[in-house]
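Inspection log for the structure reproduced underneath, given as structure tokens.
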Protein chains: 2
Amino acid sequence: VGVPVITSARNEKVAAAVRLKKRAFRDEDRRFLVEGAQAVGEAIGARSLERLYHAEDVHPLVVRARESGSELVHVTDDLMQRLTSTVTPQGLVGVSPFLDVGLEALPAAARCVAVLHAVRDPGNAGTVLRSADAAGADGVVFSSESVDVYNPKTVRACAGSVFHLPIVRDVPTAEAVDALRTSGHRILAMDARGSHSLYTTDVSGPVAFVFGNEAHGLPHDLAAAADHRVRIPIHGRAESLNLATAAAVCLYASARAQR
Amino acid sequence: VGVPVITSARNEKVAAAVRLKKRAFRDEDRRFLVEGAQAVGEAIGARSLERLYHAEDVHPLVVRARESGSELVHVTDDLMQRLTSTVTPQGLVGVSPFLDVGLEALPAAARCVAVLHAVRDPGNAGTVLRSADAAGADGVVFSSESVDVYNPKTVRACAGSVFHLPIVRDVPTAEAVDALRTSGHRILAMDARGSHSLYTTDVSGPVAFVFGNEAHGLPHDLAAAADHRVRIPIHGRAESLNLATAAAVCLYASARAQR
């Protein structure tokens, strides 16, 4: 729309986005990348889209972004490829300021919170966030040892939910557990060898589910510090559930028990 | 252990495995690849490991495979890289014959079956299989339009469950639905705009959940042919759930209702 197309990777606005692919630079700039049409739309809806890089000139979201006051940066397809982590980029990448809050800012009446300890797969982490949003959970805590909630793959997997519910980031799991206990939450350590079944545990809340690493689960001290160690019953011959599916089962069990 | 290490990609045994990365060749040979230690262990347990390619000479699973009668093929790390779809292969790739059964071979007393219509993401498909196994479902149907259950990424995501429960493959969804209805299953089309809530639907079975494509859901004719169109309630602001997490929530709702 009359604005010159940026063609050089050395352009400072392009460089400012590319560096956000790395966690250290995200932490420095307190900004993250938002890839694809759906997430960009959610960012606009949340009034959180600071800047939009677009490869196509004409796109309804470019119009919406302009109207909502986002800065527009028109780039070539080649440059768009550098800004994204997908093989087939959708031609839109936004920049949003960090959204996370402190533990003390979780809703006082929170009935259900998910705590991710040392979760490493960005797709899993984003899928948990999306499930927590769908199940109406009140917040998700990403411990210091976990993948960054602002990792581009996590943001993509969460399908916009990063803009929907309170997120706490980069706190030690034990600190999050202490704070949640103080605010009246029962702490449930999810553990394949837990003594309590999810089916017979009161999950109507206030409750905090603590999920461990994909391969190693929760360390002993964290599991021991919980009010209960809870297992999802395994009825077939699988050894365990995928972390994100386990979280969905727990969070929906709580959603249902609350109603 | 005295066996010469194969170093050439033109070796016929190596070529026989590499071709199994493509669906057309899998269909021709009726064999598939089994990557990584966990899946290889499950294949041995199921007496389904025909051949094991290994890059390391000494590995407990190599010993187990030999004892159970599998053919061993020792290859270099470079060749192992060609056999796998992972960036960091674990040094073990097996070959197993196809395991799927016909619709008529699903257990007569099946309480809960999952039908995947046009599911395209191999990771999603494998995760559904793993969840179905964990939830004690009686079978999973992969429709003709779906990703291949023997896709290496699907096999990896299912964490061995392909060896645990009956799988039907490559049938039209409508045919699977007809057969399941005839065998006494209530057909539930999962649909974000369904009129029935999962919470108030009797899922104690016999029941068949039909899941649609990740982006497009179920086509109208399939949804209309079901006994009910069922939605998982969305309590927050997410538009929908990831397919694999939605399946886990449904399959566990049925597992719990059965008990």
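For the structure tokens, the naming scheme is as follows: chains receive sequential letters (A, B, ...) according to their order of presentation, residues are indexed from 1 within each chain, and ligands are indexed from 1 in presentation order.
When the distance limit is 7 Å and only C-alpha atoms are what count, the residues near B:Cys158, minus those fewer than 2 positions from it on the same chain, are Gly126, Thr127, Leu129, Arg130, Thr154, Val155, Arg156, Gly160, Ser161 and Val162 of chain B.
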Within 10 Å of chain A: residues of chain B, using only C-alpha atoms, as a ChimeraX atom specification
/B:127-138,157-165,199,232-253,255-256
Residues flagged alpha helix (DSSP H) by DSSP in stretch 12-248 of chain A, as a PyMOL selection string:
chain A and resi 12-18+23-29+37-45+60-67+77-83+122-134+152-157+173-182+220-225+243-248
Can you pull out the residues contacting A:Ala108? Cut-off 12 Å, using only C-alpha atoms, and skip same-chain residues under 5 positions away; I want them as a short mmCIF file (atom, residue, chain, number, x, y, z; two decimals) with C-alpha atoms, in the first residue's frame.
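New file part-v3.cif:
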```
data_model
loop_
_atom_site.label_atom_id
_atom_site.label_comp_id
_atom_site.auth_asym_id
_atom_site.auth_seq_id
_atom_site.Cartn_x
_atom_site.Cartn_y
_atom_site.Cartn_z
CA LEU A 103 2.71 -15.42 41.02
CA VAL A 113 -3.85 -23.85 37.99
CA ASP A 138 -7.16 -19.88 35.83
CA GLY A 139 -3.48 -19.85 34.98
CA PRO A 166 -2.63 -15.54 33.08
CA ALA A 179 2.72 -19.61 46.72
CA LEU A 180 -0.20 -21.71 45.47
CA THR A 182 -0.45 -20.31 50.66
CA SER A 183 -3.31 -19.09 48.48
CA GLY A 184 -5.34 -22.16 49.43
CA HIS A 185 -4.64 -24.60 46.60
CA PRO A 206 -8.85 -24.78 44.45
#
```
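In this comparison, which uses only C-alpha atoms, the residue of A:Val34, A:Val75, A:Val171, A:Ile44 approaching A:Val101 most closely is A:Val171.
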Return the single residue from B:Arg120, B:Lys21, B:Arg64, B:Lys13 that is closest to B:Phe211, with distances computed using only C-alpha atoms.
B:Arg120
As an MDAnalysis selection string, please: every residue in stretch 18-255 of chain A that DSSP puts in strand (DSSP E).
chainID A and resid 31:35 51:54 71:74 92:97 112:116 139:143 167:171 186:190 196:197 207:211 228:231
With C-alpha atoms retained, write the just-selected residues as a compact mmCIF listing (two decimals), in the first residue's frame.
```txt
# COMPACT_ATOMS: atom_id res chain seq x y z
CA ARG A 31 9.12 -9.19 23.29
CA PHE A 32 8.20 -12.34 21.35
CA LEU A 33 7.21 -13.45 17.86
CA VAL A 34 3.64 -14.31 16.94
CA GLU A 35 3.42 -16.48 13.80
CA ARG A 51 4.36 -4.61 14.98
CA LEU A 52 3.33 -6.79 12.04
CA TYR A 53 5.70 -8.12 9.39
CA HIS A 54 3.81 -9.14 6.27
CA GLU A 71 3.33 -0.72 13.00
CA LEU A 72 3.43 -2.45 9.60
CA VAL A 73 6.64 -3.77 8.04
CA HIS A 74 6.36 -5.10 4.49
CA LEU A 92 2.46 -12.92 8.76
CA VAL A 93 4.66 -12.53 11.83
CA GLY A 94 3.89 -10.17 14.66
CA VAL A 95 5.81 -8.87 17.63
CA SER A 96 4.11 -8.69 21.01
CA PRO A 97 5.39 -7.48 24.37
CA CYS A 112 -7.46 -24.62 38.90
CA VAL A 113 -3.85 -23.85 37.99
CA ALA A 114 -1.39 -25.97 35.97
CA VAL A 115 2.29 -25.93 36.90
CA LEU A 116 4.81 -27.23 34.37
CA GLY A 139 -3.48 -19.85 34.98
CA VAL A 140 -0.43 -21.78 33.85
CA VAL A 141 3.00 -21.62 35.49
CA PHE A 142 6.09 -22.38 33.39
CA SER A 143 8.92 -23.17 35.83
CA ILE A 167 0.82 -17.03 32.60
CA VAL A 168 3.64 -17.08 35.12
CA ARG A 169 7.10 -17.65 33.73
CA ASP A 170 10.60 -18.40 34.92
CA VAL A 171 9.96 -19.15 38.61
CA ARG A 186 -4.36 -28.32 47.14
CA ILE A 187 -1.14 -29.42 45.41
CA LEU A 188 -1.48 -32.52 43.24
CA ALA A 189 1.76 -33.98 41.88
CA MET A 190 0.94 -35.96 38.75
CA HIS A 196 -4.32 -41.63 44.47
CA SER A 197 -6.39 -42.18 41.33
CA VAL A 207 -6.28 -27.16 43.06
CA ALA A 208 -2.87 -26.98 41.38
CA PHE A 209 -1.73 -29.83 39.13
CA VAL A 210 2.05 -30.14 38.92
CA PHE A 211 3.31 -31.89 35.78
CA HIS A 228 -1.22 -35.99 47.01
CA ARG A 229 0.59 -37.93 44.33
CA VAL A 230 -2.06 -38.59 41.73
CA ARG A 231 -2.02 -41.00 38.80
```
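Using only C-alpha atoms, the smallest distance between any of A:Thr173, A:Gly36, A:Ala43, A:Glu67 and A:Asp221 comes from A:Thr173.
Atom CA of A:Phe25 is positioned 26.2 Å from atom CA of A:Arg66.
For the choices B:Val18, B:Gly205, B:His59, B:Glu12, the atom-to-atom distance to B:Ala109 is smallest for B:Gly205 when using only C-alpha atoms.
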Neighbouring residues of A:Asn213 were defined as those with any atom within 7 Å, considering only C-alpha atoms; residues of the same chain fewer than 2 positions away were excluded. Please report them as a ChimeraX atom specification.
/A:117-120,215-218
With all heavy atoms retained, write the just-selected residues as a short mmCIF file (atom, residue, chain, number, x, y, z; two decimals), in the first residue's frame.
```cif
data_model
loop_
_atom_site.label_atom_id
_atom_site.label_comp_id
_atom_site.auth_asym_id
_atom_site.auth_seq_id
_atom_site.Cartn_x
_atom_site.Cartn_y
_atom_site.Cartn_z
N HIS A 117 6.71 -28.32 35.39
CA HIS A 117 8.08 -28.40 35.88
C HIS A 117 8.96 -29.05 34.83
O HIS A 117 8.75 -30.22 34.48
CB HIS A 117 8.15 -29.23 37.17
CG HIS A 117 9.57 -29.51 37.56
ND1 HIS A 117 10.37 -28.57 38.17
CD2 HIS A 117 10.36 -30.61 37.38
CE1 HIS A 117 11.58 -29.08 38.38
NE2 HIS A 117 11.59 -30.31 37.90
N ALA A 118 9.95 -28.34 34.35
CA ALA A 118 10.96 -28.90 33.44
C ALA A 118 10.34 -29.58 32.22
O ALA A 118 10.83 -30.60 31.75
CB ALA A 118 11.88 -29.87 34.19
N VAL A 119 9.25 -29.03 31.73
CA VAL A 119 8.67 -29.54 30.49
C VAL A 119 9.53 -29.00 29.35
O VAL A 119 9.81 -27.80 29.30
CB VAL A 119 7.20 -29.11 30.36
CG1 VAL A 119 6.67 -29.36 28.96
CG2 VAL A 119 6.37 -29.86 31.39
N ARG A 120 9.97 -29.87 28.46
CA ARG A 120 11.00 -29.48 27.51
C ARG A 120 10.53 -29.35 26.08
O ARG A 120 11.13 -28.67 25.27
CB ARG A 120 12.16 -30.50 27.55
CG ARG A 120 12.95 -30.46 28.83
CD ARG A 120 13.81 -29.19 28.91
NE ARG A 120 14.16 -28.89 30.30
CZ ARG A 120 15.12 -29.48 30.99
NH1 ARG A 120 15.86 -30.39 30.41
NH2 ARG A 120 15.36 -29.16 32.25
N ALA A 215 10.28 -37.13 30.11
CA ALA A 215 10.97 -38.42 30.25
C ALA A 215 11.13 -38.82 31.72
O ALA A 215 11.04 -40.00 32.06
CB ALA A 215 12.35 -38.35 29.59
N HIS A 216 11.34 -37.85 32.59
CA HIS A 216 11.73 -38.18 33.96
C HIS A 216 10.65 -37.90 34.99
O HIS A 216 10.82 -38.22 36.17
CB HIS A 216 13.01 -37.42 34.34
CG HIS A 216 14.10 -37.57 33.32
ND1 HIS A 216 14.69 -38.79 33.06
CD2 HIS A 216 14.67 -36.68 32.46
CE1 HIS A 216 15.58 -38.64 32.09
NE2 HIS A 216 15.59 -37.37 31.72
N GLY A 217 9.55 -37.31 34.60
CA GLY A 217 8.50 -37.01 35.57
C GLY A 217 8.95 -35.94 36.56
O GLY A 217 9.78 -35.07 36.23
N LEU A 218 8.42 -36.01 37.77
CA LEU A 218 8.75 -35.03 38.80
C LEU A 218 9.88 -35.55 39.68
O LEU A 218 9.90 -36.73 40.03
CB LEU A 218 7.54 -34.77 39.69
CG LEU A 218 6.45 -33.87 39.10
CD1 LEU A 218 5.23 -33.87 40.02
CD2 LEU A 218 6.97 -32.44 38.92
#
```
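Across B:Ala192, B:Leu198, B:Ala125, B:Ala224, the tightest approach to B:Pro152 is made by B:Ala125 when counting only C-alpha atoms.
Pairwise distance (atom CA of A:Ala225, atom CA of A:Asp178) equals 9.4 Å.
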Kindly give the distance, in Å, that separates atom CA of A:Lys153 and atom CA of A:Leu83, rounded to a single decimal.
12.6 Å
